[in-house]
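Trainee: So that you have it, the file is entry_25.txt, and it contains compact mmCIF, C-alpha atoms:
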```txt
# COMPACT_ATOMS: atom_id res chain seq x y z
CA MET A 25 -78.73 14.02 -3.98
CA ARG A 26 -75.87 16.25 -5.18
CA PHE A 27 -74.73 16.69 -1.57
CA ILE A 28 -74.66 12.90 -1.01
CA ILE A 29 -72.75 12.34 -4.24
CA GLY A 30 -70.32 15.10 -3.24
CA ILE A 31 -69.63 13.42 0.10
CA PHE A 32 -69.07 10.08 -1.65
CA PHE A 33 -66.47 11.52 -3.99
CA LEU A 34 -64.77 13.45 -1.19
CA CYS A 35 -64.39 10.20 0.75
CA LEU A 36 -62.88 8.54 -2.31
CA LEU A 37 -60.56 11.52 -2.79
CA PHE A 38 -59.30 11.42 0.76
CA LYS A 39 -59.45 7.63 1.18
CA PHE A 40 -60.10 8.59 4.76
CA ASP A 41 -63.35 8.28 6.73
CA SER A 42 -64.55 10.23 9.73
CA SER A 43 -63.55 7.46 12.15
CA ASP A 44 -59.97 7.69 10.88
CA ALA A 45 -60.15 11.45 11.40
CA SER A 46 -60.53 10.95 15.16
CA HIS A 47 -57.26 9.02 15.57
CA LYS A 48 -54.98 11.32 17.52
CA GLU A 49 -51.78 10.23 15.79
CA VAL A 50 -52.84 11.60 12.35
CA VAL A 51 -53.78 15.25 11.74
CA VAL A 52 -55.11 15.99 8.25
CA LEU A 53 -54.39 19.42 6.79
CA PRO A 54 -55.74 21.00 3.57
CA LEU A 55 -53.58 22.63 0.92
CA ASN A 56 -55.39 25.31 -1.10
CA ALA A 57 -54.33 27.02 -4.32
CA TRP A 58 -52.44 30.05 -2.99
CA ALA A 59 -48.88 30.32 -1.70
CA SER A 60 -49.35 31.76 1.80
CA GLN A 61 -51.93 29.16 2.79
CA ARG A 62 -49.71 26.33 1.59
CA VAL A 63 -46.54 27.58 3.25
CA LEU A 64 -48.24 28.46 6.53
CA THR A 65 -50.09 25.15 6.63
CA LYS A 66 -46.74 23.37 6.32
CA VAL A 67 -45.32 25.65 9.01
CA VAL A 68 -48.15 24.59 11.34
CA ALA A 69 -47.57 20.97 10.32
CA GLN A 70 -44.04 21.12 11.71
CA LYS A 71 -45.39 22.36 15.03
CA ILE A 72 -47.96 19.56 15.08
CA GLU A 73 -45.23 17.00 14.38
CA SER A 74 -43.14 18.46 17.22
CA LEU A 75 -46.01 17.47 19.53
CA GLY A 76 -45.64 13.85 18.40
CA TYR A 77 -48.39 13.62 15.79
CA LYS A 78 -48.30 12.48 12.20
CA VAL A 79 -49.52 14.86 9.50
CA LYS A 80 -51.30 14.08 6.26
CA PHE A 81 -51.78 16.75 3.54
CA VAL A 82 -54.63 16.77 1.03
CA GLU A 83 -55.04 19.01 -2.00
CA ILE A 84 -58.50 20.57 -1.91
CA GLY A 85 -60.26 23.68 -3.19
CA SER A 86 -61.40 26.42 -0.85
CA THR A 87 -65.04 25.57 -1.67
CA ASP A 88 -64.83 21.81 -1.16
CA GLN A 89 -62.99 22.18 2.15
CA TRP A 90 -66.14 23.11 4.07
CA VAL A 91 -67.78 19.72 3.60
CA ALA A 92 -64.46 18.04 4.38
CA LEU A 93 -64.12 20.04 7.62
CA ARG A 94 -67.67 19.22 8.62
CA LYS A 95 -67.13 15.48 8.10
CA GLY A 96 -63.71 15.35 9.77
CA LEU A 97 -61.94 14.52 6.51
CA ILE A 98 -59.65 17.45 7.28
CA HIS A 99 -59.09 18.77 10.77
CA LEU A 100 -58.40 22.48 10.52
CA GLN A 101 -57.78 25.43 8.22
CA VAL A 102 -55.23 28.08 9.19
CA GLU A 103 -56.13 30.80 6.65
CA VAL A 104 -59.78 31.61 5.97
CA TRP A 105 -60.60 34.94 4.32
CA GLN A 106 -63.90 36.13 5.75
CA SER A 107 -64.56 38.94 3.28
CA GLU A 108 -68.34 38.71 3.15
CA HIS A 109 -71.11 39.30 5.68
CA THR A 110 -72.60 36.08 4.37
CA GLY A 111 -70.91 33.09 2.83
CA PRO A 112 -69.96 29.48 3.59
CA PHE A 113 -67.76 30.18 6.62
CA ARG A 114 -70.36 32.18 8.55
CA THR A 115 -73.17 29.91 7.39
CA TYR A 116 -71.44 26.70 8.49
CA VAL A 117 -70.34 28.19 11.82
CA LYS A 118 -73.92 29.25 12.60
CA LYS A 119 -75.18 25.76 11.77
CA GLY A 120 -72.49 24.12 13.90
CA PHE A 121 -70.91 22.37 10.91
CA ILE A 122 -67.48 23.94 11.57
CA VAL A 123 -65.89 25.82 14.47
CA ASP A 124 -64.60 29.40 14.41
CA VAL A 125 -61.27 29.19 16.28
CA GLY A 126 -60.65 32.93 16.21
CA SER A 127 -59.03 35.61 14.08
CA HIS A 128 -55.42 36.34 13.21
CA GLN A 129 -53.90 39.74 13.97
CA ALA A 130 -53.74 40.33 10.23
CA ILE A 131 -56.48 42.37 8.58
CA GLY A 132 -57.05 41.81 4.89
CA ARG A 133 -58.34 43.78 1.95
CA GLU A 134 -59.31 42.71 -1.59
CA ASP A 135 -59.89 45.18 -4.42
CA TRP A 136 -58.55 46.82 -7.59
CA TRP A 137 -54.84 47.66 -7.29
CA TYR A 138 -52.10 49.26 -9.38
CA PRO A 139 -48.28 49.62 -9.08
CA GLU A 140 -47.11 53.01 -7.80
CA TYR A 141 -45.45 54.02 -11.10
CA VAL A 142 -48.89 54.18 -12.74
CA GLU A 143 -49.61 57.47 -10.95
CA LYS A 144 -47.09 59.22 -13.24
CA SER A 145 -49.32 58.38 -16.20
CA CYS A 146 -52.72 58.77 -14.55
CA SER A 147 -53.02 61.75 -12.24
CA GLY A 148 -55.80 61.68 -9.70
CA LEU A 149 -55.24 58.11 -8.57
CA PRO A 150 -56.01 56.42 -6.26
CA ASP A 151 -59.44 58.11 -6.60
CA TRP A 152 -61.59 55.82 -8.77
CA ARG A 153 -62.81 58.74 -10.89
CA ALA A 154 -59.34 59.09 -12.38
CA LEU A 155 -59.68 55.71 -14.07
CA ASN A 156 -61.99 56.93 -16.83
CA ASN A 157 -59.75 59.90 -17.59
CA CYS A 158 -56.94 57.57 -18.59
CA ALA A 159 -58.67 54.24 -19.24
CA SER A 160 -56.89 53.63 -22.55
CA ILE A 161 -53.43 53.49 -20.95
CA PHE A 162 -54.55 50.33 -19.13
CA ASN A 163 -54.55 48.46 -22.43
CA ILE A 164 -51.46 47.42 -24.39
CA ASP A 165 -53.43 48.15 -27.56
CA ASN A 166 -52.83 51.91 -27.78
CA ASN A 167 -55.85 52.33 -30.03
CA ALA A 168 -58.21 50.75 -27.53
CA GLU A 169 -60.77 52.94 -25.82
CA LYS A 170 -61.35 50.69 -22.82
CA GLY A 171 -58.91 49.74 -20.12
CA ILE A 172 -58.45 46.14 -18.98
CA PHE A 173 -58.94 44.99 -15.42
CA TYR A 174 -57.18 41.67 -14.74
CA THR A 175 -58.73 39.31 -12.25
CA GLY A 176 -59.08 35.59 -11.57
CA PRO A 177 -62.00 33.15 -11.77
CA TRP A 178 -63.57 34.56 -8.59
CA ASN A 179 -66.75 36.60 -8.30
CA TYR A 180 -66.06 39.95 -6.65
CA ARG A 181 -68.97 41.60 -8.52
CA ASP A 182 -66.47 43.55 -10.62
CA ALA A 183 -68.76 43.49 -13.65
CA ASP A 184 -71.51 45.03 -11.50
CA LEU A 185 -69.08 47.65 -10.21
CA ILE A 186 -68.01 48.58 -13.75
CA ARG A 187 -71.63 48.96 -14.86
CA ALA A 188 -72.79 50.83 -11.75
CA LEU A 189 -69.93 53.33 -11.79
CA LYS A 190 -69.85 53.48 -15.60
CA LEU A 191 -66.17 52.62 -15.75
CA ASN A 192 -64.66 52.49 -19.22
CA PHE A 193 -63.13 49.07 -18.56
CA THR A 194 -63.46 45.46 -19.63
CA ILE A 195 -62.55 42.41 -17.56
CA GLU A 196 -59.99 39.78 -18.47
CA ARG A 197 -60.40 36.75 -16.27
CA LEU A 198 -57.30 34.64 -15.74
CA LYS A 199 -57.37 31.07 -14.49
CA ASP A 200 -55.49 31.63 -11.23
CA ALA A 201 -53.41 34.02 -9.12
CA ASN A 202 -50.15 32.98 -10.77
CA MET A 203 -51.39 34.28 -14.12
CA ILE A 204 -52.27 37.62 -12.51
CA TRP A 205 -48.73 37.84 -11.12
CA GLN A 206 -47.31 37.04 -14.58
CA LYS A 207 -49.31 39.92 -16.08
CA LEU A 208 -48.09 42.22 -13.32
CA LYS A 209 -44.43 41.27 -13.79
CA GLN A 210 -44.67 41.71 -17.57
CA ALA A 211 -46.22 45.15 -17.09
CA GLN A 212 -43.50 46.14 -14.63
CA GLU A 213 -40.73 45.21 -17.04
CA SER A 214 -42.00 47.74 -19.59
CA ASN A 215 -43.55 50.24 -17.15
CA GLN A 216 -46.93 49.47 -18.71
CA PRO A 217 -49.86 50.75 -16.60
CA ILE A 218 -51.90 47.89 -15.21
CA VAL A 219 -54.75 47.43 -12.76
CA ILE A 220 -55.41 44.04 -11.18
CA LEU A 221 -57.37 42.34 -8.47
CA ASN A 222 -55.02 42.22 -5.51
CA TRP A 223 -55.31 41.42 -1.85
CA THR A 224 -53.39 42.12 1.30
CA PRO A 225 -51.65 40.45 3.05
CA ASN A 226 -49.87 39.16 -0.02
CA TRP A 227 -46.32 38.95 -1.42
CA ILE A 228 -46.79 42.26 -3.22
CA ASP A 229 -46.97 44.05 0.17
CA VAL A 230 -43.30 43.31 0.84
CA ARG A 231 -41.90 43.33 -2.69
CA ILE A 232 -43.74 45.94 -4.85
CA LYS A 233 -45.01 49.44 -4.03
CA GLY A 234 -48.56 50.12 -5.10
CA LYS A 235 -52.02 51.23 -3.97
CA PHE A 236 -55.62 50.12 -3.98
CA VAL A 237 -58.08 52.13 -6.03
CA GLU A 238 -60.31 54.06 -3.63
CA PHE A 239 -63.90 53.43 -4.70
CA PRO A 240 -66.91 54.78 -2.79
CA GLU A 241 -66.77 53.40 0.74
CA TYR A 242 -68.50 50.07 1.25
CA GLU A 243 -71.77 50.00 3.16
CA GLU A 244 -74.24 47.14 3.34
CA ALA A 245 -76.83 49.32 1.60
CA CYS A 246 -74.60 49.24 -1.47
CA GLU A 247 -75.64 45.60 -1.98
CA LEU A 248 -79.28 46.00 -0.93
CA ASP A 249 -80.59 49.47 -1.88
CA PRO A 250 -80.30 50.70 -5.49
CA THR A 251 -80.99 54.29 -4.40
CA TRP A 252 -77.87 54.31 -2.21
CA GLY A 253 -74.65 55.78 -3.54
CA GLN A 254 -73.41 57.16 -6.87
CA ASN A 255 -75.84 55.27 -9.10
CA LYS A 256 -79.44 55.63 -7.92
CA LYS A 257 -80.68 52.77 -10.11
CA MET A 258 -78.10 50.03 -9.57
CA LEU A 259 -76.53 48.03 -6.77
CA HIS A 260 -72.78 47.48 -6.18
CA ASP A 261 -71.65 51.06 -6.81
CA CYS A 262 -69.00 50.81 -4.08
CA GLY A 263 -65.69 49.15 -3.38
CA ASN A 264 -65.15 46.04 -1.30
CA THR A 265 -64.95 46.30 2.45
CA LYS A 266 -61.53 47.51 3.64
CA SER A 267 -61.45 45.18 6.64
CA THR A 268 -61.38 41.48 5.84
CA LEU A 269 -61.01 39.15 8.80
CA LEU A 270 -58.55 36.28 8.52
CA LYS A 271 -59.93 33.37 10.50
CA LYS A 272 -59.01 29.91 11.71
CA ALA A 273 -61.50 27.07 11.30
CA ALA A 274 -61.74 23.55 12.70
CA TRP A 275 -63.64 20.28 12.46
CA PRO A 276 -66.29 20.28 15.25
CA GLY A 277 -64.67 17.23 16.84
CA LEU A 278 -61.19 18.71 17.06
CA GLU A 279 -61.38 20.11 20.60
CA SER A 280 -62.66 16.87 22.14
CA LYS A 281 -60.66 14.41 20.04
CA LEU A 282 -57.41 16.35 19.64
CA PRO A 283 -57.34 18.96 22.41
CA CYS A 284 -53.60 19.66 22.03
CA ILE A 285 -54.05 20.43 18.33
CA TYR A 286 -57.03 22.64 19.14
CA ALA A 287 -54.98 24.47 21.79
CA LEU A 288 -52.17 25.00 19.28
CA LEU A 289 -54.58 26.40 16.70
CA LYS A 290 -55.97 28.82 19.30
CA LYS A 291 -52.45 30.09 20.02
CA ILE A 292 -51.44 30.65 16.40
CA SER A 293 -51.77 34.22 15.15
CA PHE A 294 -50.32 35.64 11.93
CA THR A 295 -49.61 39.32 11.28
CA ASN A 296 -49.91 40.92 7.85
CA ASP A 297 -46.14 40.79 7.49
CA MET A 298 -45.97 37.10 8.38
CA ILE A 299 -48.56 36.15 5.75
CA SER A 300 -47.04 38.45 3.13
CA GLU A 301 -43.58 36.98 3.64
CA ALA A 302 -44.87 33.42 3.37
CA SER A 303 -46.35 34.30 0.00
CA ALA A 304 -43.33 36.31 -1.18
CA LEU A 305 -40.81 33.54 -0.55
CA VAL A 306 -42.59 31.40 -3.16
CA SER A 307 -44.27 33.86 -5.52
CA ALA A 308 -41.53 36.52 -5.69
CA ASP A 309 -38.29 34.84 -4.59
CA GLY A 310 -38.82 31.48 -6.26
CA PHE A 311 -38.13 29.21 -3.30
CA SER A 312 -39.86 25.85 -3.03
CA GLU A 313 -42.57 25.50 -0.42
CA GLU A 314 -40.28 23.41 1.77
CA GLN A 315 -37.45 25.97 1.50
CA SER A 316 -39.93 28.74 2.25
CA VAL A 317 -41.12 26.95 5.39
CA ALA A 318 -37.55 26.72 6.71
CA LEU A 319 -36.79 30.38 5.93
CA TRP A 320 -40.08 31.53 7.42
CA LEU A 321 -39.59 29.55 10.63
CA LYS A 322 -36.14 31.06 11.05
CA LYS A 323 -37.30 34.63 10.44
CA TYR A 324 -40.25 34.36 12.82
CA ALA A 325 -38.67 31.98 15.32
CA LYS A 326 -39.65 34.06 18.35
CA HIS A 327 -43.30 34.08 17.32
CA ASN A 328 -43.72 30.45 16.35
CA GLN A 329 -41.93 29.16 19.45
CA GLN A 330 -44.53 30.95 21.57
CA TRP A 331 -47.29 28.93 19.90
CA LEU A 332 -46.19 25.89 21.90
CA ASP A 333 -46.47 27.71 25.22
CA PHE A 334 -49.65 25.99 26.42
CA GLN A 335 -50.90 23.00 28.38
CA CYS A 336 -53.46 20.48 27.22
CA SER A 337 -55.34 17.56 28.78
CA GLU A 338 -53.77 14.20 29.48
CA PHE A 339 -56.15 12.71 26.90
CA ASP A 340 -54.01 14.18 24.16
CA GLN A 341 -50.59 13.21 25.51
```
Please lay out the structure from this file as structure tokens.

Mentor:
Amino acid sequence: MRFIIGIFFLCLLFKFDSSDASHKEVVVLPLNAWASQRVLTKVVAQKIESLGYKVKFVEIGSTDQWVALRKGLIHLQVEVWQSEHTGPFRTYVKKGFIVDVGSHQAIGREDWWYPEYVEKSCSGLPDWRALNNCASIFNIDNNAEKGIFYTGPWNYRDADLIRALKLNFTIERLKDANMIWQKLKQAQESNQPIVILNWTPNWIDVRIKGKFVEFPEYEEACELDPTWGQNKKMLHDCGNTKSTLLKKAAWPGLESKLPCIYALLKKISFTNDMISEASALVSADGFSEEQSVALWLKKYAKHNQQWLDFQCSEFDQ
């Protein structure tokens, strides 16, 4: 029942049914809540328009997009972070609800991170064991015993990690990535030590020097076998995987209904630098998304022109 209700409200949100989704003159693209996805989606939109198609954007969360992709309410997604061995992307691909259109050149990582200047105040970093030796410096309250780890509303099992490795830290959850960046910029201005959830590729890669905390290496047993690792009684006593795939996803009907758009999506491949720069233009440099698209297209002109070097069927002409 919840699934049916969800579909009903998605259709109202989009004002667009699956039969509309098959019309070749309109390609529907999702805009998620982070800068690189939004800029790069608008970059791809310009390439789609150059092929003679109209583009429609819809604001949608990264969770709701899977149902929309399955139903043809959106046509493709250019930036999917496949950080888990399980999860909606893999599940829906296996069931045939969405199509895996391949990986980008970029390889991602998501974990605890600190600016480079912190090492002057906390020797031993990036080894995770150094954190407890200087936990109090990661709190603006100098009398505090526990450090603060800043993260967003996402579940990366950080609370489990803190308990399993007995880290002297608390978690402060912020509502979105922009609030994390605000905390980081405030800390930088006063050289205040800070540790945050960060990911690469991201604007920080090309604007701020820093490092990920090196926790015990991830293995699948870390999530399944309590006797594995540092803590013999608890799960999640390891860091996140260091190799996150960045994928492209499509509505199952895309290849047959819009073969040119499918061919374009297959050709597109972002490097770490390309994704980081897309994020940095907005999050660090303060350009609008439209300005960022123009600057990005100019900087990576050679790459994005090659995306159009393909042939597709007469059906899509």

Trainee: Could you tell me how far atom CA of Lys281 of chain A lies from atom CA of Cys336 of chain A, in Å and to one decimal?

Mentor: 11.8 Å

Trainee: Which one is closest to Thr265 of chain A: A:Cys158, A:Ile131, A:Ile232, A:Val82? Count all atoms listed in the file.

Mentor: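 Smallest separation from Thr265 of chain A among the options: A:Ile131.
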
Trainee: Residues within 12 Å of Ile164 of chain A, please, as an NGL selection string. Count only C-alpha atoms; anything in the same chain fewer than 4 positions from it doesn't count.

Mentor: :A and (159-160 or 168-173 or 207 or 210-211 or 214-218)

Trainee: Check the smallest atom-to-atom distance from each of A:Phe193, A:Trp320, A:Phe334, A:Phe236 to Gly263 of chain A using only C-alpha atoms, then report the winner.

Mentor: A:Phe236

Trainee: So which residues touch Ser145 of chain A within 9 Å, counting all atoms listed in the file, skipping near sequence neighbours fewer than 2 positions away, as JSON, numbers by chain?

Mentor: {"A": [141, 142, 143, 147, 158, 161, 217]}

Trainee: What's the 12 Å shell around Val230 of chain A, counting only C-alpha atoms, without same-chain residues fewer than 6 positions away, as a VMD selection string?

Mentor: chain A and resid 224 296 to 305 307 to 309

Trainee: For segment 201-205 of chain A, find every residue with an atom within 7 Å (counting all atoms listed in the file), except residues of its own chain fewer than 6 positions away, and show them as number ranges by chain.

Mentor: A: 174-176

Trainee: Counting only C-alpha atoms, which of A:Ser267, A:Asn157, A:Asn56, A:Ser127 gets nearest to Asp88 of chain A?

Mentor: A:Asn56

Trainee: Using only C-alpha atoms, can you tell me which of A:Val67, A:Ser74, A:Gln330, A:Pro112 comes closest to Thr87 of chain A?

Mentor: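 Closest residue, counting only C-alpha atoms: A:Pro112.
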
Trainee: Mind pulling up the distance from atom CA of Gln61 of chain A to atom CA of Gln89 of chain A?

Mentor: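 About the pair atom CA of Gln89 of chain A and atom CA of Gln61 of chain A: they are 13.1 Å apart.
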
Trainee: Quick one: distance from atom CA of Pro225 of chain A to atom CA of Trp105 of chain A in Å, one decimal?

Mentor: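 Separation of atom CA of Pro225 of chain A and atom CA of Trp105 of chain A: 10.6 Å.
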
Trainee: The residues within 12 Å of (-47.4, 20.5, 12.5), using all atoms listed in the file and the coordinates of the file, should be reported as JSON, numbers by chain; which are they?

Mentor: {"A": [49, 50, 51, 52, 53, 63, 64, 65, 66, 67, 68, 69, 70, 71, 72, 73, 74, 75, 76, 77, 78, 79, 80, 81, 99, 100, 102, 284, 285, 286, 288, 289, 292, 317, 328, 331, 332]}

Trainee: Taking all atoms listed in the file into account, name the residue in A:His260, A:Lys322, A:Lys118, A:Arg133 that is nearest to Trp223 of chain A.

Mentor: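 Of A:His260, A:Lys322, A:Lys118, A:Arg133, the one nearest Trp223 of chain A, counting all atoms listed in the file, is A:Arg133.
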
Trainee: Which neighbours of Arg181 of chain A fall inside 12 Å, counting all atoms listed in the file, when residues of the same chain fewer than 2 positions from it are skipped, and could you give them as a VMD selection string?

Mentor: chain A and resid 134 to 136 175 to 179 183 to 188 195 221 246 to 247 259 to 264

Trainee: Could you pull segment 93-106 of chain A out of the block above and give me N, CA and C atoms, as a compact mmCIF listing (two decimals), in the first residue's frame?

Mentor:
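So the final result, stored in selection.txt, reads:
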```
# COMPACT_ATOMS: atom_id res chain seq x y z
N LEU A 93 12.93 6.43 -11.68
CA LEU A 93 13.67 5.82 -12.79
C LEU A 93 12.96 4.56 -13.28
N ARG A 94 12.49 3.77 -12.35
CA ARG A 94 11.82 2.53 -12.73
C ARG A 94 10.57 2.81 -13.56
N LYS A 95 9.83 3.83 -13.20
CA LYS A 95 8.56 4.14 -13.86
C LYS A 95 8.72 5.01 -15.10
N GLY A 96 9.94 5.50 -15.38
CA GLY A 96 10.14 6.36 -16.53
C GLY A 96 9.76 7.80 -16.28
N LEU A 97 9.61 8.16 -15.00
CA LEU A 97 9.30 9.55 -14.64
C LEU A 97 10.54 10.43 -14.76
N ILE A 98 11.70 9.83 -14.62
CA ILE A 98 12.97 10.45 -15.00
C ILE A 98 13.68 9.43 -15.89
N HIS A 99 14.60 9.92 -16.71
CA HIS A 99 15.19 9.02 -17.71
C HIS A 99 16.57 8.49 -17.36
N LEU A 100 17.35 9.27 -16.64
CA LEU A 100 18.71 8.82 -16.35
C LEU A 100 19.27 9.56 -15.14
N GLN A 101 20.34 9.04 -14.59
CA GLN A 101 21.05 9.67 -13.48
C GLN A 101 22.54 9.58 -13.79
N VAL A 102 23.22 10.73 -13.78
CA VAL A 102 24.62 10.76 -14.21
C VAL A 102 25.61 10.54 -13.07
N GLU A 103 25.16 10.61 -11.81
CA GLU A 103 26.10 10.47 -10.69
C GLU A 103 25.49 9.65 -9.56
N VAL A 104 25.75 8.36 -9.58
CA VAL A 104 25.28 7.44 -8.54
C VAL A 104 26.49 6.95 -7.76
N TRP A 105 26.46 7.14 -6.45
CA TRP A 105 27.56 6.66 -5.60
C TRP A 105 27.22 5.27 -5.11
N GLN A 106 27.95 4.28 -5.62
CA GLN A 106 27.71 2.90 -5.25
C GLN A 106 28.71 2.50 -4.16
```
